[in-house]
>>> print(open('coords_10.cif').read())   # mmCIF, C-alpha atoms
data_target
loop_
_atom_site.label_atom_id
_atom_site.label_comp_id
_atom_site.auth_asym_id
_atom_site.auth_seq_id
_atom_site.Cartn_x
_atom_site.Cartn_y
_atom_site.Cartn_z
CA MET A 1 141.14 54.67 83.52
CA ILE A 2 142.43 57.95 82.15
CA ASP A 3 146.08 58.93 82.61
CA THR A 4 146.59 62.70 82.70
CA HIS A 5 150.37 62.82 83.11
CA ALA A 6 152.67 60.81 80.84
CA HIS A 7 156.00 61.32 79.07
CA ILE A 8 155.33 59.16 76.02
CA LEU A 9 155.72 61.69 73.20
CA PRO A 10 158.90 60.46 71.50
CA ALA A 11 162.21 62.32 71.67
CA VAL A 12 160.99 65.58 73.21
CA ASP A 13 162.09 65.30 76.85
CA ASP A 14 163.52 62.76 79.33
CA GLY A 15 160.76 60.25 78.60
CA VAL A 16 160.37 57.88 75.64
CA GLN A 17 163.01 58.42 72.97
CA ASN A 18 161.61 56.69 69.86
CA MET A 19 158.32 55.89 68.18
CA GLU A 20 158.41 52.12 68.61
CA ASP A 21 158.99 52.38 72.35
CA ALA A 22 156.11 54.85 72.58
CA LEU A 23 153.78 52.46 70.77
CA ASP A 24 154.88 49.56 72.97
CA MET A 25 154.20 51.65 76.07
CA LEU A 26 150.73 52.57 74.84
CA ARG A 27 149.97 48.89 74.22
CA LYS A 28 151.02 48.03 77.76
CA LEU A 29 148.91 50.84 79.21
CA LYS A 30 145.91 49.67 77.21
CA GLU A 31 146.42 46.11 78.46
CA SER A 32 146.47 47.39 82.04
CA GLY A 33 143.11 49.15 81.68
CA VAL A 34 144.08 52.68 80.59
CA GLU A 35 141.65 53.89 77.93
CA ALA A 36 143.05 57.38 77.35
CA VAL A 37 146.32 59.23 77.95
CA CYS A 38 147.18 62.91 78.00
CA LEU A 39 150.76 63.28 76.80
CA THR A 40 152.46 65.92 78.93
CA PRO A 41 156.03 66.60 77.78
CA HIS A 42 158.06 68.84 80.04
CA TYR A 43 158.00 72.54 79.24
CA ALA A 44 161.04 73.50 81.27
CA LEU A 45 163.35 76.36 80.34
CA LEU A 46 166.10 75.46 82.80
CA ARG A 47 166.17 71.86 81.60
CA GLY A 48 166.20 72.74 77.92
CA PHE A 49 162.70 71.51 77.08
CA HIS A 50 161.01 74.50 75.49
CA GLU A 51 160.16 73.99 71.83
CA ASP A 52 157.18 75.87 70.42
CA LYS A 53 153.65 74.51 70.40
CA GLY A 54 153.86 73.54 66.75
CA PHE A 55 156.79 71.22 67.41
CA TYR A 56 154.90 69.27 70.06
CA ARG A 57 151.71 69.23 67.98
CA GLU A 58 153.57 67.81 64.99
CA ARG A 59 155.09 65.01 67.10
CA PHE A 60 151.72 64.35 68.71
CA ASP A 61 149.92 64.08 65.36
CA LEU A 62 152.49 61.57 64.14
CA LEU A 63 152.15 59.39 67.26
CA GLN A 64 148.38 59.59 67.12
CA SER A 65 148.41 58.55 63.46
CA ARG A 66 150.63 55.55 64.20
CA THR A 67 148.50 54.61 67.23
CA LYS A 68 145.39 54.49 65.06
CA ALA A 69 147.18 52.60 62.28
CA GLU A 70 148.38 50.00 64.78
CA GLU A 71 144.82 49.74 66.18
CA ILE A 72 146.04 50.06 69.75
CA GLY A 73 142.66 51.37 70.84
CA ILE A 74 143.77 54.10 73.24
CA ASP A 75 142.75 57.76 72.95
CA LEU A 76 145.52 60.37 73.01
CA TYR A 77 145.39 64.00 74.10
CA LEU A 78 148.09 66.66 74.26
CA GLY A 79 149.17 68.80 77.18
CA SER A 80 152.35 69.92 78.96
CA GLU A 81 154.01 69.63 82.34
CA ILE A 82 155.20 73.17 82.97
CA ASP A 83 157.99 73.93 85.42
CA GLU A 84 157.13 76.78 87.81
CA TYR A 85 159.65 79.57 87.32
CA ASP A 86 159.89 83.30 86.71
CA GLY A 87 157.26 84.49 84.26
CA LEU A 88 155.07 81.42 84.70
CA GLU A 89 152.09 83.06 83.01
CA ASN A 90 154.18 83.67 79.89
CA LEU A 91 155.40 80.07 79.96
CA ILE A 92 151.82 78.83 80.08
CA GLU A 93 151.01 80.87 76.97
CA LYS A 94 153.84 79.12 75.13
CA ALA A 95 152.92 75.59 76.25
CA HIS A 96 149.89 73.35 75.75
CA THR A 97 147.21 73.29 78.42
CA LEU A 98 145.61 69.90 79.13
CA ASN A 99 143.77 69.06 75.92
CA GLY A 100 143.22 72.74 75.20
CA THR A 101 141.20 73.29 78.39
CA ARG A 102 141.78 75.95 81.05
CA PHE A 103 143.58 73.33 83.20
CA VAL A 104 147.38 73.53 83.41
CA LEU A 105 149.72 70.91 84.88
CA ILE A 106 152.44 72.63 86.92
CA ASP A 107 155.57 71.13 88.48
CA PHE A 108 156.50 73.19 91.56
CA GLY A 109 159.58 71.13 92.34
CA MET A 110 162.32 73.35 90.94
CA ARG A 111 162.40 75.68 93.94
CA LYS A 112 160.35 76.52 97.03
CA ALA A 113 157.21 78.25 95.83
CA GLN A 114 154.18 79.92 97.43
CA ILE A 115 151.89 77.48 95.68
CA ASP A 116 148.59 78.72 97.09
CA GLU A 117 149.31 82.27 95.92
CA ILE A 118 150.33 81.08 92.46
CA VAL A 119 147.17 78.97 92.17
CA TYR A 120 145.09 82.03 93.08
CA THR A 121 146.93 84.27 90.59
CA LEU A 122 146.49 81.76 87.78
CA LYS A 123 142.79 81.42 88.60
CA VAL A 124 142.38 85.17 88.24
CA LYS A 125 144.05 84.85 84.83
CA GLY A 126 141.54 82.17 83.83
CA TYR A 127 143.56 79.02 84.50
CA GLU A 128 142.87 76.07 86.80
CA THR A 129 146.02 74.55 88.32
CA VAL A 130 146.71 70.83 88.55
CA VAL A 131 149.71 70.32 90.84
CA ALA A 132 151.97 67.54 89.55
CA HIS A 133 153.15 64.98 92.15
CA PRO A 134 152.57 67.07 95.32
CA GLU A 135 153.96 64.23 97.42
CA ARG A 136 157.46 65.11 96.20
CA TYR A 137 157.62 68.68 97.60
CA ARG A 138 159.25 68.28 100.97
CA TYR A 139 158.70 71.92 101.93
CA MET A 140 154.90 71.38 101.92
CA THR A 141 152.77 70.02 104.77
CA LEU A 142 149.20 68.72 104.79
CA LYS A 143 148.14 72.09 106.19
CA ASP A 144 149.82 73.81 103.25
CA TRP A 145 148.06 71.50 100.79
CA ARG A 146 144.68 72.22 102.36
CA GLN A 147 145.30 75.91 101.70
CA VAL A 148 146.24 75.17 98.08
CA LYS A 149 142.96 73.31 97.65
CA ARG A 150 141.03 76.17 99.25
CA GLU A 151 142.43 78.38 96.50
CA GLY A 152 141.15 75.91 93.90
CA GLY A 153 144.22 73.81 93.14
CA LEU A 154 143.86 70.14 92.20
CA LEU A 155 146.41 67.63 93.48
CA GLN A 156 147.63 64.92 91.11
CA VAL A 157 149.49 62.17 92.96
CA SER A 158 151.76 59.72 91.10
CA ALA A 159 150.46 56.16 91.00
CA SER A 160 153.88 54.71 91.78
CA HIS A 161 154.03 56.39 95.20
CA LEU A 162 150.69 54.86 96.20
CA ILE A 163 151.97 51.34 95.52
CA LYS A 164 155.21 51.67 97.48
CA GLU A 165 157.51 52.54 94.59
CA GLY A 166 159.85 55.53 94.58
CA SER A 167 161.26 57.35 97.59
CA LYS A 168 160.00 56.50 101.07
CA THR A 169 159.31 60.16 101.82
CA SER A 170 157.12 60.52 98.72
CA GLN A 171 155.34 57.26 99.49
CA LYS A 172 154.45 58.47 102.97
CA MET A 173 153.15 61.83 101.80
CA ALA A 174 151.14 60.21 99.01
CA GLY A 175 149.51 57.94 101.57
CA ASP A 176 148.88 60.85 103.93
CA LEU A 177 147.29 62.94 101.16
CA LEU A 178 145.06 60.03 100.18
CA LYS A 179 144.01 59.36 103.77
CA ALA A 180 143.25 63.05 104.31
CA GLY A 181 141.02 63.14 101.25
CA LEU A 182 143.19 65.73 99.49
CA VAL A 183 143.97 63.81 96.28
CA ASP A 184 142.01 64.82 93.17
CA LEU A 185 143.70 62.72 90.48
CA VAL A 186 146.13 59.82 90.20
CA ALA A 187 148.38 59.65 87.13
CA SER A 188 151.36 57.60 86.02
CA ASP A 189 153.98 60.29 85.26
CA ILE A 190 155.34 57.44 83.17
CA HIS A 191 158.78 57.81 81.58
CA SER A 192 159.56 54.18 80.68
CA ILE A 193 157.75 50.96 79.90
CA ARG A 194 158.79 49.33 83.19
CA HIS A 195 156.20 51.52 84.91
CA ALA A 196 153.31 50.61 82.62
CA HIS A 197 151.71 48.63 85.46
CA VAL A 198 151.39 51.43 88.00
CA MET A 199 147.93 52.75 87.12
CA LYS A 200 146.21 49.38 87.44
CA LYS A 201 147.94 48.56 90.72
CA ALA A 202 147.22 52.00 92.14
CA TYR A 203 143.54 51.77 91.19
CA VAL A 204 143.25 48.42 92.99
CA HIS A 205 145.07 49.90 96.00
CA VAL A 206 142.73 52.90 96.26
CA LYS A 207 139.65 50.73 95.77
CA LYS A 208 140.81 48.41 98.55
CA LYS A 209 142.04 51.15 100.88
CA LEU A 210 138.98 53.36 100.43
CA ASP A 211 136.24 52.33 97.99
CA LYS A 212 135.35 51.98 94.29
CA LYS A 213 133.57 55.33 94.20
CA THR A 214 136.75 57.13 95.27
CA ALA A 215 138.92 55.11 92.88
CA ASP A 216 136.61 55.96 89.98
CA ARG A 217 136.71 59.65 90.91
CA LEU A 218 140.51 59.79 91.02
CA PHE A 219 141.18 57.66 87.93
CA ILE A 220 138.18 58.39 85.68
CA GLU A 221 135.75 61.15 86.65
CA THR A 222 138.09 64.01 87.58
CA PRO A 223 140.46 63.22 84.68
CA LYS A 224 137.46 63.52 82.34
CA LYS A 225 136.65 66.92 83.81
CA VAL A 226 140.24 68.14 83.52
CA LEU A 227 140.52 67.03 79.89
CA GLY A 228 137.12 68.44 78.96
CA LEU A 229 135.69 65.04 78.06
CA GLU A 230 132.42 65.36 79.98
#
>>> encode(input="coords_10.cif", output="structure tokens")
Amino acid sequence: MIDTHAHILPAVDDGVQNMEDALDMLRKLKESGVEAVCLTPHYALLRGFHEDKGFYRERFDLLQSRTKAEEIGIDLYLGSEIDEYDGLENLIEKAHTLNGTRFVLIDFGMRKAQIDEIVYTLKVKGYETVVAHPERYRYMTLKDWRQVKREGGLLQVSASHLIKEGSKTSQKMAGDLLKAGLVDLVASDIHSIRHAHVMKKAYVHVKKKLDKKTADRLFIETPKKVLGLE
């Protein structure tokens, strides 16, 4: 499996706060079947997470070096989870795309947004939008999400909401999106080691609920495409 949304880069946002915890989390992910992780620290002006690219790259290089030295055996890539707000295009320029590709991971949860229009605008600018945890946006319906996908947006559901963890509302929408065939990727959005199990359990759930082909697409094939690994 490939995890395209994780807050494991130490001491940069509300995720892992030190190197040893980050290494422990990567070990647990590896044990659960995750072969690669894209680290996506928040890039969020209103929440105070907005260092320059060099800062995140320096922290990433250090974690990657330690991961190799510890022989954890998991591949690391760098990206960002960017909060949608005024001047989004400028924010994207200041943050890391997903492994340097044209794909950007956007959190539309800070305010009600016209997501389909934003996805279209970003596409014109040369970006492909991955919507982070769409099941959490209560102002969106399945009809709305179909329009987002018609504009080219990819929907990345959190593994925890597929396995009955988190809020009931988010769980229901995650299940509805999956049933409707609207989910493109499943990721952990992991912030702490207690959630290191979610990817494996969610993969088993999707495989049982639908089939192995769909599970492989959501957890392996589309993540490869988004990270430019094909």
>>> residues_around(input="coords_10.cif", residues="region 61-63 of chain A", least_positions_apart="2", cutoff="10 Å", atoms="all atoms listed in the file", output="VMD selection string")
chain A and resid 8 to 10 19 to 20 22 to 23 56 to 59 65 to 69 76 to 78
>>> residues_around(input="coords_10.cif", residues="Met1 (chain A)", least_positions_apart="3", cutoff="10 Å", atoms="only C-alpha atoms", output="MDAnalysis selection string")
chainID A and resid 4 29:30 32:37 186:187 199:200 203 215:221 223:224
>>> residues_around(input="coords_10.cif", residues="Glu89 (chain A)", least_positions_apart="6", cutoff="12 Å", atoms="only C-alpha atoms", output="ChimeraX atom specification")
/A:82-83,95,97,104,106,118-119,121-127,129
>>> closest_residue(input="coords_10.cif", among="A:His133, A:Lys201, A:His195, A:Lys209", to="Leu154 (chain A)", atoms="all atoms listed in the file")
A:His133
>>> closest_residue(input="coords_10.cif", among="A:Gly79, A:Lys94, A:Leu39, A:Ile190", to="Asp52 (chain A)", atoms="only C-alpha atoms")
A:Lys94
>>> atom_distance(input="coords_10.cif", atom1="CA of Glu135 (chain A)", atom2="CA of Thr40 (chain A)")
18.6 Å
